[in-house]
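*Asks:* Quick one: structure below, then a few questions.
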There are 2 protein chains.
Amino acid sequence: MRLLLVEDDSLLRDGLRNELDRAGFSVDTASTAREARLLGEQEAYQVAVLDLGLPDGSGFSVLSDWRDRKIRFPVMILTARGNWQDKVNGLKLGADDYLTKPFRNEELIARLHAIMRRSEGRVESALRAGDFLLDENRQSLQVPDGTEHLLTGTEFRLLRCLMSRPGQLYSKEHLIEQLYSLDDSPNENTIEAYIRRLRKLVGHDVIVTRRGQGYLFNANA
Amino acid sequence: MRLLLVEDDSLLRDGLRNELDRAGFSVDTASTAREARLLGEQEAYQVAVLDLGLPDGSGFSVLSDWRDRKIRFPVMILTARGNWQDKVNGLKLGADDYLTKPFRNEELIARLHAIMRRSEGRVESALRAGDFLLDENRQSLQVPDGTEHLLTGTEFRLLRCLMSRPGQLYSKEHLIEQLYSLDDSPNENTIEAYIRRLRKLVGHDVIVTRRGQGYLFNANA
DNA sequence: CGCCAAGCTGAAACGAGCCTGAAAATTGCC
DNA sequence: GGCAATTTTCAGGCTCGTTTCAGCTTGGCG
């Protein structure tokens, strides 16, 4: 789940990146408006966290720029406490939520999950496909016979990607883009290795290989 | 589906070629205006991607040259950010779309499909001929009795070519040109072999042989 | 009618892509 | 710093899509 974090204060940025990493996001960071615009246009994120106070221009301009270009991932705005005006402007420009500093990391993450669910038109915090249930909070998978498997971080993110649209074909390249941030892309074989491990849980035929094209999740196999 | 990629930056060029390859195009590349003019005139492309910044003359000259010579494949122009003038000039000269760097590869590919559909006067992303339906996304063929067949990469590209203009005669030579890039052309018998496999799906008489001339798709056979 | 060229066909050869088990590297934690 | 869990890589084997081959059939032409 790719996330773009736009924050100029390096201390806060690194702290947040760390926190978001552990929460299962693939984080890219930008520290300037310029960088933010570029990355937002070039890469496919599921969500962005945008601090309004940037050295080379307000975060607003970044946001409106993205929206002009029909870039549509949900955006969470960060701003200093109690700035009424900012909130109105932000939401007007199409921000999806708004958080005043200081805040607790758990709250940020919870709200991020919320706006992402909303943007996918989802209500519950678990992903269902056939008799498979992927629990976002417990990072676990419930299989048709009822047993629950705890997943490692990467297992979870890969499976979430596949299960988010059952039947949809995902190339290995695309999956790598989704699971990792820009600056560390592993070998494609890594995906094959994880597919193998997931198949041990869900059953071999539930994840279908389309040779030369990619993989897809097929709940009724 | 042949595509001419004109881009002088070798890094970007190779990256794009890769991406376009996977998207099912047979890509030839040119890195200079001279090369671009030549290939555009000599070969039959369905679409071209043209960077404006070339070492030996602007991409504009290439485009106007093509258009003067009544070469009519759709052209997607690439240019640096926010150059209004370029956009106006480009569209005036008969470019079909315009993308500013940087951009996301998915966007480029989506837009390429769009301008190609437009240039063929087609709207949906599936190709219909009689009761046959070729689905670009699923890379599959629906036959008159309703069953869906998944196609391999080459089967798909060949069938797409034939179905794009039902009744149109295509020589084996021409089909090879369409399916493969300049630097790897297989034996003509390869086409015969694939025709045979497609006939097993669509029915023998739906693909008509014109001895010494080629093949054509005839939906009502 | 008989010859030749073009096309058809089944099978085999080839190679890229995928799978697999294990080893190596990395990360997190005490 | 050392241990355990996780992630990533590697090498080998296997599968399937692609291409070729050789023999056969068909159609056109004298």
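Following the order of the structure tokens, chains are lettered A, B, ..., residues in each are numbered from 1, and ligands are numbered from 1.
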Could you give the C-alpha RMSD in Å for chain A superposed on chain B, pairing all atoms in order?

*Replies:*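 So the superposition leaves a C-alpha RMSD of 0.7 Å.
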
*Asks:* Would you mind listing, as a ChimeraX atom specification, all residues of chain A that have at least one atom within 12 Å of chain D, where only C-alpha atoms (C1' of nucleotides) are what counts?

*Replies:* /A:151-155,184-194,209-212

*Asks:* Go ahead and write the residues just picked, N, CA and C atoms, as a PDB file, in the first residue's frame.

*Replies:*
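This is the output file result-v3.pdb:
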ATOM      1  N   LEU A 151      -0.193 -13.413   9.662  1.00  0.00           N
ATOM      2  CA  LEU A 151       0.681 -13.214   8.518  1.00  0.00           C
ATOM      3  C   LEU A 151       1.844 -12.306   8.873  1.00  0.00           C
ATOM      4  N   THR A 152       2.944 -12.489   8.201  1.00  0.00           N
ATOM      5  CA  THR A 152       4.042 -11.534   8.341  1.00  0.00           C
ATOM      6  C   THR A 152       3.679 -10.298   7.512  1.00  0.00           C
ATOM      7  N   GLY A 153       4.443  -9.235   7.721  1.00  0.00           N
ATOM      8  CA  GLY A 153       4.121  -7.976   7.057  1.00  0.00           C
ATOM      9  C   GLY A 153       3.984  -8.098   5.559  1.00  0.00           C
ATOM     10  N   THR A 154       4.967  -8.694   4.940  1.00  0.00           N
ATOM     11  CA  THR A 154       4.958  -8.744   3.477  1.00  0.00           C
ATOM     12  C   THR A 154       3.888  -9.692   2.969  1.00  0.00           C
ATOM     13  N   GLU A 155       3.738 -10.822   3.631  1.00  0.00           N
ATOM     14  CA  GLU A 155       2.659 -11.736   3.258  1.00  0.00           C
ATOM     15  C   GLU A 155       1.331 -10.985   3.253  1.00  0.00           C
ATOM     16  N   ASP A 184      13.712   0.821  -2.717  1.00  0.00           N
ATOM     17  CA  ASP A 184      14.191  -0.555  -2.627  1.00  0.00           C
ATOM     18  C   ASP A 184      13.243  -1.525  -3.318  1.00  0.00           C
ATOM     19  N   SER A 185      13.641  -1.913  -4.506  1.00  0.00           N
ATOM     20  CA  SER A 185      12.862  -2.873  -5.265  1.00  0.00           C
ATOM     21  C   SER A 185      13.624  -4.179  -5.333  1.00  0.00           C
ATOM     22  N   PRO A 186      13.053  -5.206  -4.796  1.00  0.00           N
ATOM     23  CA  PRO A 186      13.747  -6.488  -4.843  1.00  0.00           C
ATOM     24  C   PRO A 186      13.546  -7.156  -6.190  1.00  0.00           C
ATOM     25  N   ASN A 187      14.227  -8.225  -6.363  1.00  0.00           N
ATOM     26  CA  ASN A 187      14.129  -9.163  -7.448  1.00  0.00           C
ATOM     27  C   ASN A 187      12.675  -9.626  -7.630  1.00  0.00           C
ATOM     28  N   GLU A 188      12.280  -9.900  -8.881  1.00  0.00           N
ATOM     29  CA  GLU A 188      10.902 -10.354  -9.103  1.00  0.00           C
ATOM     30  C   GLU A 188      10.652 -11.710  -8.469  1.00  0.00           C
ATOM     31  N   ASN A 189      11.705 -12.450  -8.298  1.00  0.00           N
ATOM     32  CA  ASN A 189      11.567 -13.773  -7.706  1.00  0.00           C
ATOM     33  C   ASN A 189      11.019 -13.696  -6.290  1.00  0.00           C
ATOM     34  N   THR A 190      11.241 -12.571  -5.632  1.00  0.00           N
ATOM     35  CA  THR A 190      10.690 -12.382  -4.296  1.00  0.00           C
ATOM     36  C   THR A 190       9.178 -12.569  -4.306  1.00  0.00           C
ATOM     37  N   ILE A 191       8.549 -12.001  -5.301  1.00  0.00           N
ATOM     38  CA  ILE A 191       7.096 -12.148  -5.406  1.00  0.00           C
ATOM     39  C   ILE A 191       6.729 -13.617  -5.571  1.00  0.00           C
ATOM     40  N   GLU A 192       7.462 -14.305  -6.443  1.00  0.00           N
ATOM     41  CA  GLU A 192       7.196 -15.728  -6.636  1.00  0.00           C
ATOM     42  C   GLU A 192       7.305 -16.465  -5.310  1.00  0.00           C
ATOM     43  N   ALA A 193       8.340 -16.124  -4.539  1.00  0.00           N
ATOM     44  CA  ALA A 193       8.553 -16.799  -3.266  1.00  0.00           C
ATOM     45  C   ALA A 193       7.365 -16.576  -2.327  1.00  0.00           C
ATOM     46  N   TYR A 194       6.866 -15.339  -2.280  1.00  0.00           N
ATOM     47  CA  TYR A 194       5.742 -15.060  -1.390  1.00  0.00           C
ATOM     48  C   TYR A 194       4.452 -15.685  -1.896  1.00  0.00           C
ATOM     49  N   THR A 209      -1.916 -18.382 -11.625  1.00  0.00           N
ATOM     50  CA  THR A 209      -0.822 -17.811 -12.413  1.00  0.00           C
ATOM     51  C   THR A 209      -1.279 -17.646 -13.849  1.00  0.00           C
ATOM     52  N   ARG A 210      -1.093 -16.464 -14.397  1.00  0.00           N
ATOM     53  CA  ARG A 210      -1.266 -16.284 -15.834  1.00  0.00           C
ATOM     54  C   ARG A 210       0.112 -16.024 -16.405  1.00  0.00           C
ATOM     55  N   ARG A 211       0.673 -17.057 -16.956  1.00  0.00           N
ATOM     56  CA  ARG A 211       2.062 -17.023 -17.426  1.00  0.00           C
ATOM     57  C   ARG A 211       2.337 -15.787 -18.295  1.00  0.00           C
ATOM     58  N   GLY A 212       3.369 -15.063 -17.931  1.00  0.00           N
ATOM     59  CA  GLY A 212       3.754 -13.881 -18.701  1.00  0.00           C
ATOM     60  C   GLY A 212       2.918 -12.669 -18.399  1.00  0.00           C
TER      61      GLY A 212
END

*Asks:* Any chance you could list, as an MDAnalysis selection string, the residues in region 6-159 of chain A that come up strand (DSSP E) when DSSP is run on the backbone?

*Replies:* chainID A and resid 6 26:30 47:51 75:80 97:101 126:129 132:135 140:142 148:150

*Asks:* For a quick check of understanding, using only C-alpha atoms, which of B:Gln46, B:Ser119, B:Asn18, B:Gln213 has the smallest distance to chain A?

*Replies:* B:Asn18

*Asks:* Please determine the contact residues of chain B with respect to chain A at a cut-off of 7 Å, counting only C-alpha atoms, and supply them as an mmCIF file with C-alpha atoms, in the first residue's frame.

*Replies:*
data_model
loop_
_atom_site.group_PDB
_atom_site.id
_atom_site.type_symbol
_atom_site.label_atom_id
_atom_site.label_comp_id
_atom_site.auth_asym_id
_atom_site.auth_seq_id
_atom_site.Cartn_x
_atom_site.Cartn_y
_atom_site.Cartn_z
ATOM 1 C CA PRO B 102 7.104 13.394 -15.736
ATOM 2 C CA PHE B 103 4.171 11.066 -16.110
ATOM 3 C CA ARG B 104 3.100 7.663 -14.935
#

*Asks:* Do you have the CA of Gln85 (chain A)-CA of Arg67 (chain A) distance handy?

*Replies:*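 Spanning CA of Gln85 (chain A) to CA of Arg67 (chain A) is a straight-line distance of 19.7 Å.
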
*Asks:* Nearest residue to chain B out of C:DC8, C:DC1, C:DC30, C:DC14, using only C-alpha atoms (C1' of nucleotides)?

*Replies:*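 Under the stated criterion, the closest residue is C:DC8.
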
*Asks:* Within 10 Å of chain A, which residues of chain C are there when counting only C-alpha atoms (C1' of nucleotides)? Please give them as a PDB file with C-alpha atoms (C1' of nucleotides), in the first residue's frame.

*Replies:*
ATOM      1  C1'  DA C  16      11.508 -17.844 -21.107  1.00  0.00           C
ATOM      2  C1'  DG C  17       8.900 -17.783 -17.114  1.00  0.00           C
ATOM      3  C1'  DC C  18       7.628 -19.952 -13.035  1.00  0.00           C
ATOM      4  C1'  DC C  19       8.273 -23.057  -9.008  1.00  0.00           C
ATOM      5  C1'  DT C  20      10.885 -24.763  -5.264  1.00  0.00           C
TER       6       DT C  20
END

*Asks:* Report, in Å with one decimal, the straight-line distance from CA of Ala80 (chain A) to CA of Glu106 (chain A).

*Replies:*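 One can read the CA of Ala80 (chain A) to CA of Glu106 (chain A) distance as 18.1 Å.
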
*Asks:* Mind checking which residues fall within 12 Å of Leu4 (chain B), counting only C-alpha atoms (C1' of nucleotides), ignoring those fewer than 4 positions away in the same chain, and posting them as an NGL selection string?

*Replies:* :B and (13 or 16-17 or 20-21 or 25-31 or 35-51 or 73-77 or 112 or 178 or 181-182)

*Asks:* Could those residues be written to a file, using C-alpha atoms, as a compact mmCIF listing (two decimals), in the first residue's frame?

*Replies:*
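Once written, out_7.txt looks like this:
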# COMPACT_ATOMS: atom_id res chain seq x y z
CA ARG B 13 13.89 5.16 -23.84
CA LEU B 16 9.59 3.03 -21.84
CA ARG B 17 10.35 0.34 -24.37
CA LEU B 20 5.37 -0.70 -23.76
CA ASP B 21 6.57 -4.17 -24.63
CA PHE B 25 3.22 -3.23 -28.37
CA SER B 26 5.94 -4.20 -30.83
CA VAL B 27 8.28 -1.32 -30.22
CA ASP B 28 10.84 0.15 -32.58
CA THR B 29 12.91 3.02 -31.26
CA ALA B 30 14.53 6.04 -32.80
CA SER B 31 16.86 8.41 -30.96
CA GLU B 35 15.92 8.14 -37.71
CA ALA B 36 12.39 8.98 -36.69
CA ARG B 37 11.51 10.46 -40.06
CA LEU B 38 12.91 7.43 -41.85
CA LEU B 39 11.22 4.79 -39.77
CA GLY B 40 7.94 6.66 -39.78
CA GLU B 41 7.96 6.74 -43.54
CA GLN B 42 9.28 3.28 -44.12
CA GLU B 43 7.35 1.23 -41.61
CA ALA B 44 3.68 0.92 -40.85
CA TYR B 45 2.99 1.88 -37.25
CA GLN B 46 -0.30 2.06 -35.44
CA VAL B 47 0.92 4.83 -33.19
CA ALA B 48 4.01 6.83 -32.29
CA VAL B 49 5.36 8.38 -29.10
CA LEU B 50 7.42 11.45 -29.90
CA ASP B 51 9.64 13.38 -27.54
CA PHE B 73 -0.80 7.16 -37.47
CA PRO B 74 -1.78 8.90 -34.23
CA VAL B 75 1.05 10.63 -32.39
CA MET B 76 1.51 11.17 -28.68
CA ILE B 77 3.82 14.04 -27.87
CA LEU B 112 -2.18 5.48 -26.16
CA GLN B 178 2.68 -6.26 -36.94
CA SER B 181 9.69 -5.78 -33.87
CA LEU B 182 12.21 -5.31 -36.64

*Asks:* For CA of Ser140 (chain B) and CA of Arg117 (chain B), quote the distance in Å rounded to one decimal.

*Replies:*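 Atom-to-atom, CA of Ser140 (chain B) to CA of Arg117 (chain B), that is 18.0 Å.
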
*Asks:* Hey, what's within 10 Å of Gly59 (chain A) if we count only C-alpha atoms (C1' of nucleotides) and toss same-chain stuff fewer than 2 positions away? As a ChimeraX atom specification, please?

*Replies:* /A:6-7,32-33,36-37,50-57,61-65,77-79,90

*Asks:* Write out as a JSON list (two decimals) with C-alpha atoms, in the first residue's frame all residues of region 48-148 of chain B that DSSP puts in helix (DSSP H, G or I) for this structure's backbone.

*Replies:*
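Okay, states-v5.json is ready:
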[["chain", "number", "residue", "atom", "x", "y", "z"],
["B", 59, "GLY", "CA", 10.22, 16.73, -32.80],
["B", 60, "PHE", "CA", 7.88, 19.25, -34.42],
["B", 61, "SER", "CA", 9.78, 19.03, -37.65],
["B", 62, "VAL", "CA", 9.44, 15.26, -37.58],
["B", 63, "LEU", "CA", 5.73, 15.48, -37.01],
["B", 64, "SER", "CA", 5.11, 18.07, -39.71],
["B", 65, "ASP", "CA", 7.25, 16.05, -42.04],
["B", 66, "TRP", "CA", 5.17, 12.94, -41.43],
["B", 67, "ARG", "CA", 1.97, 14.84, -41.87],
["B", 68, "ASP", "CA", 3.19, 16.45, -45.09],
["B", 84, "TRP", "CA", 1.94, 25.92, -23.29],
["B", 85, "GLN", "CA", 3.38, 26.86, -26.59],
["B", 86, "ASP", "CA", 4.43, 23.30, -27.30],
["B", 87, "LYS", "CA", 0.99, 22.00, -26.65],
["B", 88, "VAL", "CA", -0.67, 24.44, -29.00],
["B", 89, "ASN", "CA", 1.88, 23.88, -31.74],
["B", 90, "GLY", "CA", 1.74, 20.16, -31.33],
["B", 91, "LEU", "CA", -1.99, 19.88, -31.61],
["B", 92, "LYS", "CA", -1.99, 22.32, -34.51],
["B", 105, "ASN", "CA", 3.61, 4.84, -17.37],
["B", 106, "GLU", "CA", 0.09, 3.60, -16.82],
["B", 107, "GLU", "CA", -1.18, 6.97, -17.90],
["B", 108, "LEU", "CA", 0.84, 6.91, -21.08],
["B", 109, "ILE", "CA", -0.43, 3.46, -21.95],
["B", 110, "ALA", "CA", -4.02, 4.30, -21.15],
["B", 111, "ARG", "CA", -3.84, 7.38, -23.35],
["B", 112, "LEU", "CA", -2.18, 5.48, -26.16],
["B", 113, "HIS", "CA", -5.03, 3.02, -26.13],
["B", 114, "ALA", "CA", -7.42, 5.93, -26.14],
["B", 115, "ILE", "CA", -5.97, 7.69, -29.16],
["B", 116, "MET", "CA", -5.68, 4.42, -31.04],
["B", 117, "ARG", "CA", -9.31, 3.62, -30.36],
["B", 118, "ARG", "CA", -10.23, 7.12, -31.46],
["B", 119, "SER", "CA", -8.24, 6.79, -34.64]]

*Asks:* Could you pull the residues within 10 Å of Leu127 (chain B), counting only C-alpha atoms (C1' of nucleotides), minus those fewer than 6 positions along the same chain, as number ranges by chain?

*Replies:* B: 117, 133-136, 141, 160, 163-165

*Asks:* For those residues, write C-alpha atoms to a file as a short mmCIF file (atom, residue, chain, number, x, y, z; two decimals), in the first residue's frame.

*Replies:*
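See again_25.cif below for the written result:
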data_model
loop_
_atom_site.label_atom_id
_atom_site.label_comp_id
_atom_site.auth_asym_id
_atom_site.auth_seq_id
_atom_site.Cartn_x
_atom_site.Cartn_y
_atom_site.Cartn_z
CA ARG B 117 -9.31 3.62 -30.36
CA LEU B 133 -15.70 -10.35 -28.78
CA LEU B 134 -12.03 -9.77 -28.09
CA ASP B 135 -11.47 -8.30 -24.63
CA GLU B 136 -8.32 -6.18 -24.39
CA LEU B 141 -11.97 -14.11 -26.72
CA ARG B 160 -6.53 -8.55 -32.63
CA MET B 163 -10.33 -8.72 -36.05
CA SER B 164 -9.48 -5.02 -36.14
CA ARG B 165 -10.70 -4.93 -39.73
#

*Asks:* Within 8 Å of Ala219 (chain B), counting only C-alpha atoms (C1' of nucleotides), which residues qualify if same-chain residues fewer than 2 places away don't, as a count of residues only?

*Replies:* 8
